[in-house]
Each structure stands twice: as structure tokens, then as C-alpha cells.
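Undergrad: I'm passing along upload31.txt; it holds compact mmCIF, C-alpha atoms.
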# COMPACT_ATOMS: atom_id res chain seq x y z
CA MET F 1 204.91 78.46 123.73
CA ASN F 2 202.46 81.12 124.91
CA PHE F 3 204.56 84.25 124.63
CA CYS F 4 201.97 86.49 126.28
CA SER F 5 202.13 84.76 129.64
CA SER F 6 205.83 83.88 129.65
CA THR F 7 208.73 85.75 131.15
CA PHE F 8 211.52 86.40 128.66
CA ASN F 9 215.19 87.03 129.05
CA SER F 10 216.24 87.99 125.54
CA SER F 11 215.46 90.66 122.96
CA GLU F 12 215.15 87.96 120.28
CA GLN F 13 212.21 86.33 122.05
CA PHE F 14 210.35 89.63 122.27
CA MET F 15 211.02 90.37 118.61
CA ALA F 16 209.91 86.83 117.70
CA ARG F 17 206.57 87.63 119.31
CA ALA F 18 206.33 90.84 117.28
CA VAL F 19 207.05 88.85 114.09
CA LYS F 20 204.29 86.38 114.95
CA LEU F 21 201.83 89.20 115.55
CA ALA F 22 202.77 90.88 112.28
CA LEU F 23 201.74 87.80 110.31
CA ARG F 24 198.17 88.13 111.60
CA GLY F 25 197.67 91.19 109.42
CA ARG F 26 199.39 90.01 106.27
CA ALA F 27 196.21 89.25 104.33
CA ARG F 28 194.95 92.86 104.44
CA THR F 29 197.96 95.17 104.75
CA ALA F 30 199.09 95.21 101.10
CA PRO F 31 200.50 97.35 99.59
CA ASN F 32 201.76 98.38 103.02
CA PRO F 33 204.41 96.29 104.81
CA THR F 34 203.51 93.68 107.42
CA VAL F 35 204.55 94.95 110.88
CA GLY F 36 204.17 93.85 114.50
CA ALA F 37 205.06 95.42 117.85
CA VAL F 38 205.15 94.54 121.56
CA MET F 39 205.62 96.61 124.71
CA VAL F 40 207.81 95.09 127.40
CA ARG F 41 208.26 95.93 131.08
CA ASP F 42 210.31 93.95 133.62
CA GLY F 43 210.77 91.04 131.24
CA GLN F 44 207.10 90.65 130.35
CA VAL F 45 204.98 91.60 127.35
CA VAL F 46 202.39 94.10 128.62
CA ALA F 47 200.88 95.31 125.32
CA GLU F 48 200.77 94.19 121.69
CA GLY F 49 199.84 95.51 118.28
CA TRP F 50 200.09 94.82 114.57
CA HIS F 51 199.09 96.54 111.34
CA HIS F 52 195.61 95.13 110.71
CA TYR F 53 194.80 96.55 107.27
CA CYS F 54 195.95 99.15 104.76
CA GLY F 55 194.79 102.56 105.96
CA GLY F 56 194.43 101.40 109.57
CA LEU F 57 196.66 102.22 112.51
CA HIS F 58 200.25 101.08 112.18
CA ALA F 59 201.58 98.43 114.56
CA GLU F 60 203.25 100.95 116.91
CA ARG F 61 200.05 102.97 117.38
CA GLU F 62 198.01 99.77 117.83
CA CYS F 63 200.48 98.72 120.53
CA ILE F 64 200.28 102.13 122.21
CA ALA F 65 196.46 101.98 122.14
CA ASP F 66 196.58 98.52 123.74
CA ALA F 67 198.91 99.83 126.45
CA LYS F 68 196.60 102.78 127.15
CA ALA F 69 193.60 100.45 127.43
CA LYS F 70 195.52 98.41 130.01
CA ASN F 71 196.73 101.51 131.92
CA VAL F 72 200.36 100.63 131.25
CA ASP F 73 202.96 103.23 132.25
CA MET F 74 204.78 103.40 128.90
CA THR F 75 207.58 105.59 130.27
CA LYS F 76 208.91 102.45 131.97
CA CYS F 77 208.58 100.22 128.89
CA THR F 78 210.62 99.15 125.87
CA MET F 79 208.88 98.79 122.52
CA PHE F 80 210.00 96.05 120.12
CA VAL F 81 208.89 96.67 116.52
CA THR F 82 209.76 94.65 113.42
CA LEU F 83 210.19 97.68 111.12
CA GLU F 84 211.60 101.15 111.73
CA PRO F 85 208.74 103.46 112.78
CA CYS F 86 207.57 105.71 109.96
CA ASN F 87 208.43 109.40 110.08
CA HIS F 88 205.95 110.85 107.56
CA TYR F 89 202.28 111.68 107.13
CA GLY F 90 200.40 109.18 104.97
CA LYS F 91 196.95 107.76 105.69
CA THR F 92 197.96 107.93 109.37
CA PRO F 93 200.24 110.30 111.33
CA PRO F 94 203.92 109.40 111.87
CA CYS F 95 204.47 106.59 114.36
CA THR F 96 207.54 108.43 115.64
CA GLU F 97 205.30 111.20 116.98
CA GLY F 98 203.08 108.65 118.71
CA ILE F 99 206.10 107.10 120.39
CA ILE F 100 207.34 110.49 121.65
CA GLU F 101 203.87 111.46 122.88
CA ALA F 102 203.58 108.15 124.78
CA GLY F 103 206.88 108.82 126.56
CA ILE F 104 208.50 105.57 125.45
CA ALA F 105 212.22 105.93 126.12
CA HIS F 106 213.60 102.76 124.52
CA ILE F 107 212.84 101.27 121.08
CA VAL F 108 214.24 98.05 119.58
CA ILE F 109 213.87 97.81 115.79
CA GLY F 110 214.11 94.63 113.73
CA THR F 111 215.10 96.28 110.44
CA ARG F 112 215.41 99.75 108.93
CA ASP F 113 212.67 100.97 106.56
CA PRO F 114 213.85 100.75 102.92
CA ASN F 115 211.15 103.18 101.76
CA PRO F 116 212.79 106.64 101.44
CA LYS F 117 209.45 108.36 102.07
CA ALA F 118 208.93 106.62 105.42
CA ALA F 119 212.56 106.34 106.56
CA GLY F 120 214.33 108.55 109.07
CA GLY F 121 212.39 107.36 112.09
CA LEU F 122 215.49 106.14 113.88
CA GLU F 123 217.30 109.47 113.56
CA PHE F 124 214.21 111.43 114.61
CA LEU F 125 213.71 109.31 117.71
CA GLU F 126 217.36 109.60 118.69
CA SER F 127 217.19 113.38 118.25
CA LYS F 128 214.39 113.38 120.83
CA GLY F 129 216.43 111.41 123.35
CA VAL F 130 214.96 107.98 122.71
CA LYS F 131 217.39 105.06 123.00
CA VAL F 132 217.21 103.07 119.76
CA GLU F 133 218.64 99.62 118.99
CA THR F 134 218.45 97.90 115.59
CA GLY F 135 219.12 94.58 113.90
CA VAL F 136 217.36 92.14 116.28
CA LEU F 137 216.13 89.14 114.25
CA GLU F 138 216.79 91.26 111.19
CA GLU F 139 216.51 88.43 108.66
CA GLN F 140 213.08 87.38 109.99
CA CYS F 141 211.92 90.99 110.00
CA LEU F 142 213.15 91.50 106.43
CA ASP F 143 211.30 88.33 105.42
CA LEU F 144 208.09 89.93 106.71
CA ILE F 145 208.48 92.75 104.18
CA SER F 146 209.99 90.82 101.26
CA ASP F 147 206.80 91.36 99.26
CA PHE F 148 206.82 95.09 100.09
CA LEU F 149 210.46 95.33 98.98
CA LEU F 150 209.57 93.76 95.62
CA TRP F 151 206.61 96.10 95.11
CA GLN F 152 208.86 99.09 95.82
CA SER F 153 211.63 98.05 93.44
CA GLY F 154 209.95 95.94 90.73
CA GLU F 155 206.97 95.77 88.40
CA ARG F 156 205.71 92.23 88.90
CA ALA F 157 203.52 90.40 91.40
CA TYR F 158 205.09 88.64 94.38
CA SER F 159 205.17 84.91 93.66
CA ILE F 160 204.32 82.29 96.31
CA LEU F 161 204.68 78.58 95.55
CA LYS F 162 202.62 76.11 97.61
CA LEU F 163 203.18 72.35 97.65
CA ALA F 164 202.00 69.59 99.96
CA SER F 165 204.24 66.54 100.05
CA THR F 166 205.01 63.34 101.86
CA ILE F 167 208.23 62.85 103.80
CA ASP F 168 209.76 61.29 100.69
CA GLY F 169 208.87 64.32 98.57
CA LYS F 170 205.79 63.09 96.68
CA ILE F 171 202.89 65.42 95.90
CA ALA F 172 200.73 62.70 94.31
CA GLY F 173 200.65 58.97 93.64
CA THR F 174 201.79 57.29 90.45
CA THR F 175 198.65 58.14 88.45
CA GLY F 176 198.51 61.80 89.50
CA ARG F 177 194.93 61.25 90.72
CA GLN F 178 193.67 64.04 92.97
CA GLU F 179 194.10 62.90 96.56
CA ALA F 180 194.67 64.76 99.80
CA VAL F 181 198.32 64.66 100.85
CA SER F 182 198.15 66.97 103.85
CA CYS F 183 195.70 67.18 106.76
CA PRO F 184 192.47 69.26 107.04
CA ASP F 185 194.26 71.97 109.05
CA SER F 186 196.69 72.47 106.17
CA PHE F 187 193.82 72.59 103.68
CA GLU F 188 192.26 75.38 105.75
CA ASP F 189 195.59 77.20 105.85
CA VAL F 190 195.83 77.05 102.06
CA GLN F 191 192.43 78.74 101.88
CA LYS F 192 193.91 81.58 103.95
CA LEU F 193 196.73 81.83 101.41
CA ARG F 194 194.16 82.03 98.60
CA ALA F 195 192.37 84.79 100.52
CA MET F 196 195.45 87.04 100.45
CA VAL F 197 196.45 86.64 96.78
CA GLY F 198 195.05 88.13 93.60
CA ALA F 199 195.64 85.08 91.40
CA VAL F 200 196.09 81.32 91.76
CA ILE F 201 198.32 79.66 89.15
CA ILE F 202 198.24 76.04 87.97
CA GLY F 203 199.63 74.08 85.03
CA GLY F 204 197.71 72.51 82.19
CA ASN F 205 198.10 69.01 83.63
CA THR F 206 196.47 70.12 86.89
CA LEU F 207 193.57 71.59 84.91
CA ARG F 208 193.03 68.35 82.99
CA GLU F 209 193.56 65.92 85.87
CA ASP F 210 191.89 67.80 88.75
CA ASN F 211 189.38 70.16 87.08
CA PRO F 212 189.76 72.62 89.99
CA SER F 213 187.77 75.77 90.75
CA LEU F 214 190.70 77.55 92.50
CA ASN F 215 188.36 79.66 94.61
CA CYS F 216 188.82 80.49 98.28
CA ARG F 217 186.54 78.35 100.44
CA LEU F 218 186.88 80.10 103.79
CA GLU F 219 183.52 80.44 105.53
CA ILE F 220 184.46 83.89 106.85
CA LYS F 221 186.32 85.94 104.27
CA PRO F 222 188.18 89.25 104.76
CA GLU F 223 186.24 92.49 104.29
CA GLY F 224 186.27 93.58 100.66
CA PHE F 225 187.32 90.10 99.51
CA ALA F 226 187.23 89.15 95.81
CA GLN F 227 187.93 85.66 94.49
CA PRO F 228 191.43 85.39 92.99
CA LYS F 229 191.95 85.19 89.25
CA ALA F 230 192.64 81.70 87.92
CA VAL F 231 195.77 81.42 85.76
CA ILE F 232 196.50 78.27 83.73
CA VAL F 233 199.97 77.80 82.30
CA THR F 234 200.05 75.56 79.21
CA THR F 235 201.64 75.35 75.79
CA LYS F 236 198.47 73.68 74.45
CA LEU F 237 195.11 75.38 74.97
CA PRO F 238 192.21 72.99 75.78
CA GLU F 239 189.88 72.37 72.86
CA ASN F 240 187.30 70.64 75.07
CA HIS F 241 186.88 73.77 77.18
CA GLU F 242 183.27 72.95 78.07
CA ALA F 243 184.62 70.14 80.27
CA PHE F 244 186.27 72.39 82.87
CA THR F 245 184.89 74.42 85.74
CA LEU F 246 187.28 77.31 85.17
CA THR F 247 186.39 77.74 81.50
CA THR F 248 182.66 77.57 82.14
CA THR F 249 181.54 78.88 85.55
CA ARG F 250 184.63 81.10 86.12
CA ALA F 251 185.37 82.07 82.52
CA LYS F 252 185.59 85.82 83.15
CA GLU F 253 188.04 85.27 86.01
CA THR F 254 190.27 82.86 84.06
CA ILE F 255 193.51 83.66 82.23
CA PHE F 256 195.70 81.37 80.12
CA TRP F 257 199.45 81.87 79.79
CA THR F 258 200.49 80.11 76.61
CA THR F 259 202.77 80.39 73.58
CA ILE F 260 202.47 83.34 71.22
CA GLU F 261 201.43 80.87 68.48
CA GLN F 262 198.67 79.32 70.61
CA ALA F 263 197.45 82.78 71.61
CA ALA F 264 196.71 83.43 67.91
CA SER F 265 194.95 80.08 67.33
CA GLU F 266 191.28 79.37 66.64
CA THR F 267 191.01 77.71 70.05
CA ALA F 268 192.20 80.95 71.64
CA LYS F 269 189.51 82.89 69.78
CA GLU F 270 186.83 80.52 71.08
CA LEU F 271 188.07 80.97 74.64
CA VAL F 272 188.22 84.76 74.27
CA ASN F 273 184.60 84.73 73.07
CA LYS F 274 183.67 83.13 76.40
CA GLY F 275 185.34 85.99 78.30
CA ILE F 276 188.60 84.18 79.00
CA GLU F 277 191.84 86.13 78.63
CA ILE F 278 194.75 84.66 76.63
CA ILE F 279 198.28 85.94 77.17
CA GLY F 280 201.02 84.86 74.75
CA LEU F 281 204.44 84.56 76.38
CA PRO F 282 207.87 84.08 74.81
CA CYS F 283 209.60 80.71 75.01
CA ASP F 284 213.10 79.32 75.23
CA GLU F 285 214.36 75.74 74.88
CA LYS F 286 212.86 74.84 78.28
CA GLY F 287 209.40 76.32 77.72
CA LEU F 288 207.44 79.44 78.57
CA ILE F 289 209.16 82.46 80.13
CA PHE F 290 206.86 83.75 82.87
CA GLU F 291 208.22 87.17 83.87
CA ASN F 292 205.87 89.13 81.58
CA GLY F 293 202.90 87.17 82.89
CA PHE F 294 203.57 88.31 86.45
CA LYS F 295 204.05 91.88 85.24
CA PHE F 296 200.77 91.70 83.31
CA LEU F 297 198.83 90.57 86.38
CA ARG F 298 200.10 93.49 88.41
CA GLU F 299 199.83 96.13 85.69
CA LYS F 300 196.33 95.26 84.43
CA TYR F 301 194.63 93.85 87.52
CA GLY F 302 196.65 95.25 90.40
CA VAL F 303 197.57 91.74 91.55
CA LEU F 304 200.23 92.08 94.24
CA ARG F 305 200.61 88.43 95.22
CA THR F 306 200.12 85.16 93.33
CA LEU F 307 199.88 81.60 94.62
CA CYS F 308 201.14 78.76 92.42
CA GLU F 309 199.51 75.41 93.15
CA GLY F 310 200.77 73.61 90.07
CA GLY F 311 202.70 70.37 89.83
CA GLY F 312 206.38 69.54 89.91
CA LYS F 313 207.22 70.72 86.38
CA LEU F 314 205.66 74.15 86.83
CA ALA F 315 207.30 74.45 90.26
CA LEU F 316 210.72 73.71 88.79
CA SER F 317 210.20 76.17 85.94
CA LEU F 318 209.42 78.93 88.43
CA ALA F 319 212.50 78.03 90.48
CA GLU F 320 214.78 78.01 87.44
CA GLN F 321 213.47 81.42 86.36
CA ASP F 322 214.02 82.83 89.87
CA LEU F 323 210.30 83.47 90.21
CA ILE F 324 209.72 81.89 93.61
CA ASP F 325 209.76 84.65 96.18
CA GLU F 326 208.31 82.40 98.86
CA PHE F 327 207.84 78.63 98.97
CA VAL F 328 205.28 77.24 101.43
CA MET F 329 205.56 73.49 101.92
CA TYR F 330 203.16 71.39 103.97
CA GLN F 331 205.09 68.24 104.82
CA ALA F 332 202.77 65.40 105.80
CA PRO F 333 204.09 62.64 108.09
CA ARG F 334 203.52 60.02 105.38
CA ILE F 335 205.73 57.97 103.08
CA LEU F 336 204.64 56.77 99.65
CA GLY F 337 207.89 54.96 98.91
CA ASN F 338 207.23 54.57 95.19
CA THR F 339 209.83 56.06 92.87
CA HIS F 340 207.09 56.66 90.28
CA GLY F 341 205.08 58.95 92.56
CA ARG F 342 204.84 62.60 91.46
CA PRO F 343 207.75 64.58 92.98
CA ASN F 344 207.80 68.14 94.38
CA PHE F 345 209.98 69.34 91.50
CA ALA F 346 210.40 67.56 88.18
CA GLY F 347 212.06 68.00 84.80
CA SER F 348 215.65 68.86 85.65
CA ASP F 349 218.72 67.26 84.06
CA ARG F 350 220.93 68.20 87.03
CA GLN F 351 223.07 65.34 88.31
CA PHE F 352 225.13 66.78 91.18
CA MET F 353 224.28 68.57 94.43
CA GLU F 354 226.61 71.42 93.51
CA GLU F 355 224.11 72.21 90.71
CA ALA F 356 221.12 72.38 93.07
CA LEU F 357 218.92 75.46 93.43
CA ASN F 358 219.34 76.66 96.99
CA PHE F 359 216.72 77.96 99.41
CA ARG F 360 216.80 78.79 103.12
CA VAL F 361 214.27 78.13 105.87
CA SER F 362 212.42 81.28 106.91
CA ARG F 363 209.74 79.92 109.27
CA VAL F 364 208.62 76.54 110.60
CA SER F 365 205.34 75.85 112.36
CA GLN F 366 202.89 73.04 113.08
CA SER F 367 199.83 72.72 110.84
CA GLY F 368 197.67 70.05 112.38
CA CYS F 369 199.72 66.88 112.04
CA ASP F 370 201.83 68.42 109.24
CA LEU F 371 204.87 70.67 109.27
CA LYS F 372 204.48 74.03 107.53
CA ILE F 373 207.87 75.17 106.27
CA VAL F 374 208.32 78.55 104.59
CA PHE F 375 211.40 78.82 102.37
CA LYS F 376 213.00 81.86 100.74
CA PRO F 377 215.63 81.96 98.00
CA ALA F 378 219.05 81.52 99.61
CA ASP F 379 220.45 84.67 98.03
CA ARG F 380 217.64 86.97 99.26
Just give me the structure as C-alpha cells.
TA:
Amino acid sequence: MNFCSSTFNSSEQFMARAVKLALRGRARTAPNPTVGAVMVRDGQVVAEGWHHYCGGLHAERECIADAKAKNVDMTKCTMFVTLEPCNHYGKTPPCTEGIIEAGIAHIVIGTRDPNPKAAGGLEFLESKGVKVETGVLEEQCLDLISDFLLWQSGERAYSILKLASTIDGKIAGTTGRQEAVSCPDSFEDVQKLRAMVGAVIIGGNTLREDNPSLNCRLEIKPEGFAQPKAVIVTTKLPENHEAFTLTTTRAKETIFWTTIEQAASETAKELVNKGIEIIGLPCDEKGLIFENGFKFLREKYGVLRTLCEGGGKLALSLAEQDLIDEFVMYQAPRILGNTHGRPNFAGSDRQFMEEALNFRVSRVSQSGCDLKIVFKPADR
């Protein structure tokens, strides 16, 4: 549906448009939240805006600028914005002041701002006579800022899992040979994911079987772009490290997460001499515990988001450790039909559905001939 040219009859549809706009800026807004806004008059969207990049105008002021450029009478409009307008001076002036100056009399807010420094916009607007409504598509609007919420309250990087699978849940054939599962449009979309993260994570099997480079291959990259770090998770460091692209041409951008014992091995010393970083992590009976690895990436390198492109075992380990903040699945309209194909998630001894790890659907969209489904943990 083309929201810009359609007439709406519900607040949820207008807010849905604001959510869609917000996502356009996600790659460059960090560590700020992702926000979108629309201006509505007589059931039609007449102006739009979103936060384009950190330090740039916020979504509300972008929307107001768009309305001014189109000679829109904002005194007769309602603004829909995904996040409560800020009420403080940061890199830009408060959005609340911009709204008052524009004469906008009615604001609909998706969700309140959890940041104490920026909060209070609702009360300020109401004190100036602006009609304010809240809670429209609140879950979707909260999902937009789930990374921001983690950065505000925690010390680790925000973890995104990406998998491409067939309808019957296979990410590879029986041999694990590298083959495209999803369509070219989905491949391009994955490159956009790589462009907005500070590290791409894979398992040791993926390193050995695929020999990937894990770099972003977009022809046009965002301003100030740097290739993401490559993180390999393995309990056995590779002794034949000259055989891999990451340990040769991208050595200084490569990090291994491994056992504390392996981190002290002779192989580790050889890798360190090549400029590769080795991080020893604690283990339990199921394997490596990853929490400290995500904290390390943020603390040392300022990595705010990571993208895991590993196989089924690594994906399950992340899920069991509650380290999937967002799960992006590209479901291809294909069926392998072989029980020995590589599954999305592997390694569990669960037998009953009541033991399953639960997620919820956050967003669904078309990606070429595939479905792109974004999941969030069910309890968040």
C-alpha cells in the first residue's frame, strides 16, 4: 500500500506510516533512537519526517520542515510521532519547542520516552494547550527503540540474529555446502544489515565450510562507514589459519571468541602475532558463555549492534542465553524436504512444545520473492 497517496481512517494507519519512515534512518541514528513522524490533515498525510542520522534534525523537526516546504497550514494538522518529543537541549533544540512554534495543536505519540534526560515532552506540550494522545501502536513503536533501551540500561551490544531458510526450516543442504537459500533482494537486504552493525558473528563451522569475508558489499555505503569487525565463535582455534580470508586479508579486523584454555594456546599466540584478537570466555556444560563477548565489543570498540550469521548451533546457543534481541528471518518459498538438511536451530534436547523458546512477530514484509520476518523475544 502507498500510504502517501491513500486516505486513512484510523490513527493506527498513520502511526504505521511513521514507523515505516523511522526505519529508513536506523542505520545512522545510533546511539540515538529511531523515530518517524507524519503530519495529517483531513485524513491525509501532508508531510513526513524521520531522524536521518545522529546529530541531525529529529523526526518532528524534519516533519515540520517538510510541511513548511509544502506550505502546509500546521495549525490545522495532527502530528503522529513514534516517540515522545524530546524536551531538552542536546545536539539539537527541543522538539517540543518546534511543535509549539509551528502551532500544531494535536499530537499523537506512539510511546513515552524512557530516557529521563529527554522525557517530559508530553507534560510540557499539555501545559501549552496542545492536545496529546499516547499509546497508538505502542508495541511497534517500542520495538523501534529496543536497541536504544538496551544501550540506556545495559553494557553490551544489541544482538541481531539473521537466518535464511526454506519453508521447512532448512538453512543448508545435507552437506552444509555454501548455497544461496534466499533471493538476490534478500542478499542485498543483508548487506544493509551489515552496514548498520559494528561486528558480524559466525561459528567455527561457518569459517571452515564457507571461508567468508563478512564484509559489507553495498555499492553505495553510508557516510563515515567502516567495515564491521569479524567475530568467530569456536572452542578450537584454526591451526591452518593461512587458509582463511578472515585470518589473512582481514586479520586486524578479526576477533575469536574461544575457551580460556584455547586463548592461552600456542595457536592463539600465532594468531595474535598476525594482529588477530583472541578473547577467552567462560564455559558451562553446553559450551561458551557469550555475555562478556558482547560487553567486550561495546566497551573496547564501541560496537552498538552485532549481526550473527552463524549456523543452527550458534543460533540456538544465543537463544538459550537470551542473547537474541532481534531475529531477522528470510523465508524462501522453497522446500528441501530432507530431514538431514541443516536446520535453523540445532542442538537442543527439548522434547515438548511447552519447553520451546518463545518469540513474537514484530514486523513482516516482502523481500523479493521471500518473506522477511522480524521476531523479538516474547517477554520483551
Undergrad: F:Lys269, F:Phe80, F:Gly121, F:Lys236: which is nearest F:Cys95, counting only C-alpha atoms?
TA: F:Gly121
Undergrad: Need the neighbours of (186.9, 92.6, 98.5): which residues are at most 12 Å away, counting all atoms listed in the file, as an MDAnalysis selection string?
TA: chainID F and resid 27:28 195:198 221:228
Undergrad: Using only C-alpha atoms, which of the listed residues (F:Ala102, F:Val40, F:Val364, F:Leu214) sits closest to F:Val190?
TA: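 Of F:Ala102, F:Val40, F:Val364, F:Leu214, the one nearest F:Val190 is F:Leu214, counting only C-alpha atoms.
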Undergrad: Counting only C-alpha atoms, figure out which residue out of F:Ala37, F:Met353, F:Ala69, F:Ala332 gets nearest to F:Ala164.
TA: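 Ranked by minimum distance to F:Ala164, first place goes to F:Ala332.
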Undergrad: Smallest atom-to-atom distance to F:Leu57: which of F:Asn358, F:Gln351, F:Thr29, F:Ser367, using only C-alpha atoms?
TA: F:Thr29
Undergrad: Missing atoms in stretch 222-236 of chain F should be modelled up to N, CA and C atoms and reported as a PDB file, in the coordinates of the input.
TA:
ATOM      1  N   PRO F 222     187.827  87.873 104.378  1.00  0.00           N
ATOM      2  CA  PRO F 222     188.180  89.250 104.760  1.00  0.00           C
ATOM      3  C   PRO F 222     187.238  90.265 104.138  1.00  0.00           C
ATOM      4  N   GLU F 223     187.076  91.414 104.816  1.00  0.00           N
ATOM      5  CA  GLU F 223     186.240  92.490 104.290  1.00  0.00           C
ATOM      6  C   GLU F 223     186.773  92.957 102.936  1.00  0.00           C
ATOM      7  N   GLY F 224     185.886  93.146 101.993  1.00  0.00           N
ATOM      8  CA  GLY F 224     186.270  93.580 100.660  1.00  0.00           C
ATOM      9  C   GLY F 224     186.879  92.481  99.805  1.00  0.00           C
ATOM     10  N   PHE F 225     186.694  91.229 100.210  1.00  0.00           N
ATOM     11  CA  PHE F 225     187.320  90.100  99.510  1.00  0.00           C
ATOM     12  C   PHE F 225     186.742  89.912  98.104  1.00  0.00           C
ATOM     13  N   ALA F 226     187.621  89.568  97.153  1.00  0.00           N
ATOM     14  CA  ALA F 226     187.230  89.150  95.810  1.00  0.00           C
ATOM     15  C   ALA F 226     187.960  87.867  95.478  1.00  0.00           C
ATOM     16  N   GLN F 227     187.286  86.938  94.834  1.00  0.00           N
ATOM     17  CA  GLN F 227     187.930  85.660  94.490  1.00  0.00           C
ATOM     18  C   GLN F 227     189.151  85.920  93.607  1.00  0.00           C
ATOM     19  N   PRO F 228     190.233  85.180  93.808  1.00  0.00           N
ATOM     20  CA  PRO F 228     191.430  85.390  92.990  1.00  0.00           C
ATOM     21  C   PRO F 228     191.213  84.975  91.538  1.00  0.00           C
ATOM     22  N   LYS F 229     191.928  85.626  90.643  1.00  0.00           N
ATOM     23  CA  LYS F 229     191.950  85.190  89.250  1.00  0.00           C
ATOM     24  C   LYS F 229     192.519  83.777  89.178  1.00  0.00           C
ATOM     25  N   ALA F 230     192.096  83.031  88.179  1.00  0.00           N
ATOM     26  CA  ALA F 230     192.640  81.700  87.920  1.00  0.00           C
ATOM     27  C   ALA F 230     193.547  81.777  86.700  1.00  0.00           C
ATOM     28  N   VAL F 231     194.807  81.379  86.857  1.00  0.00           N
ATOM     29  CA  VAL F 231     195.770  81.420  85.760  1.00  0.00           C
ATOM     30  C   VAL F 231     196.213  80.002  85.434  1.00  0.00           C
ATOM     31  N   ILE F 232     196.059  79.593  84.163  1.00  0.00           N
ATOM     32  CA  ILE F 232     196.500  78.270  83.730  1.00  0.00           C
ATOM     33  C   ILE F 232     197.672  78.429  82.783  1.00  0.00           C
ATOM     34  N   VAL F 233     198.759  77.737  83.102  1.00  0.00           N
ATOM     35  CA  VAL F 233     199.970  77.800  82.300  1.00  0.00           C
ATOM     36  C   VAL F 233     200.049  76.554  81.428  1.00  0.00           C
ATOM     37  N   THR F 234     200.022  76.720  80.101  1.00  0.00           N
ATOM     38  CA  THR F 234     200.050  75.560  79.210  1.00  0.00           C
ATOM     39  C   THR F 234     200.527  75.964  77.816  1.00  0.00           C
ATOM     40  N   THR F 235     201.235  75.087  77.173  1.00  0.00           N
ATOM     41  CA  THR F 235     201.640  75.350  75.790  1.00  0.00           C
ATOM     42  C   THR F 235     200.594  74.845  74.788  1.00  0.00           C
ATOM     43  N   LYS F 236     199.538  74.202  75.303  1.00  0.00           N
ATOM     44  CA  LYS F 236     198.470  73.680  74.450  1.00  0.00           C
ATOM     45  C   LYS F 236     197.114  74.043  75.061  1.00  0.00           C
TER      46      LYS F 236
END
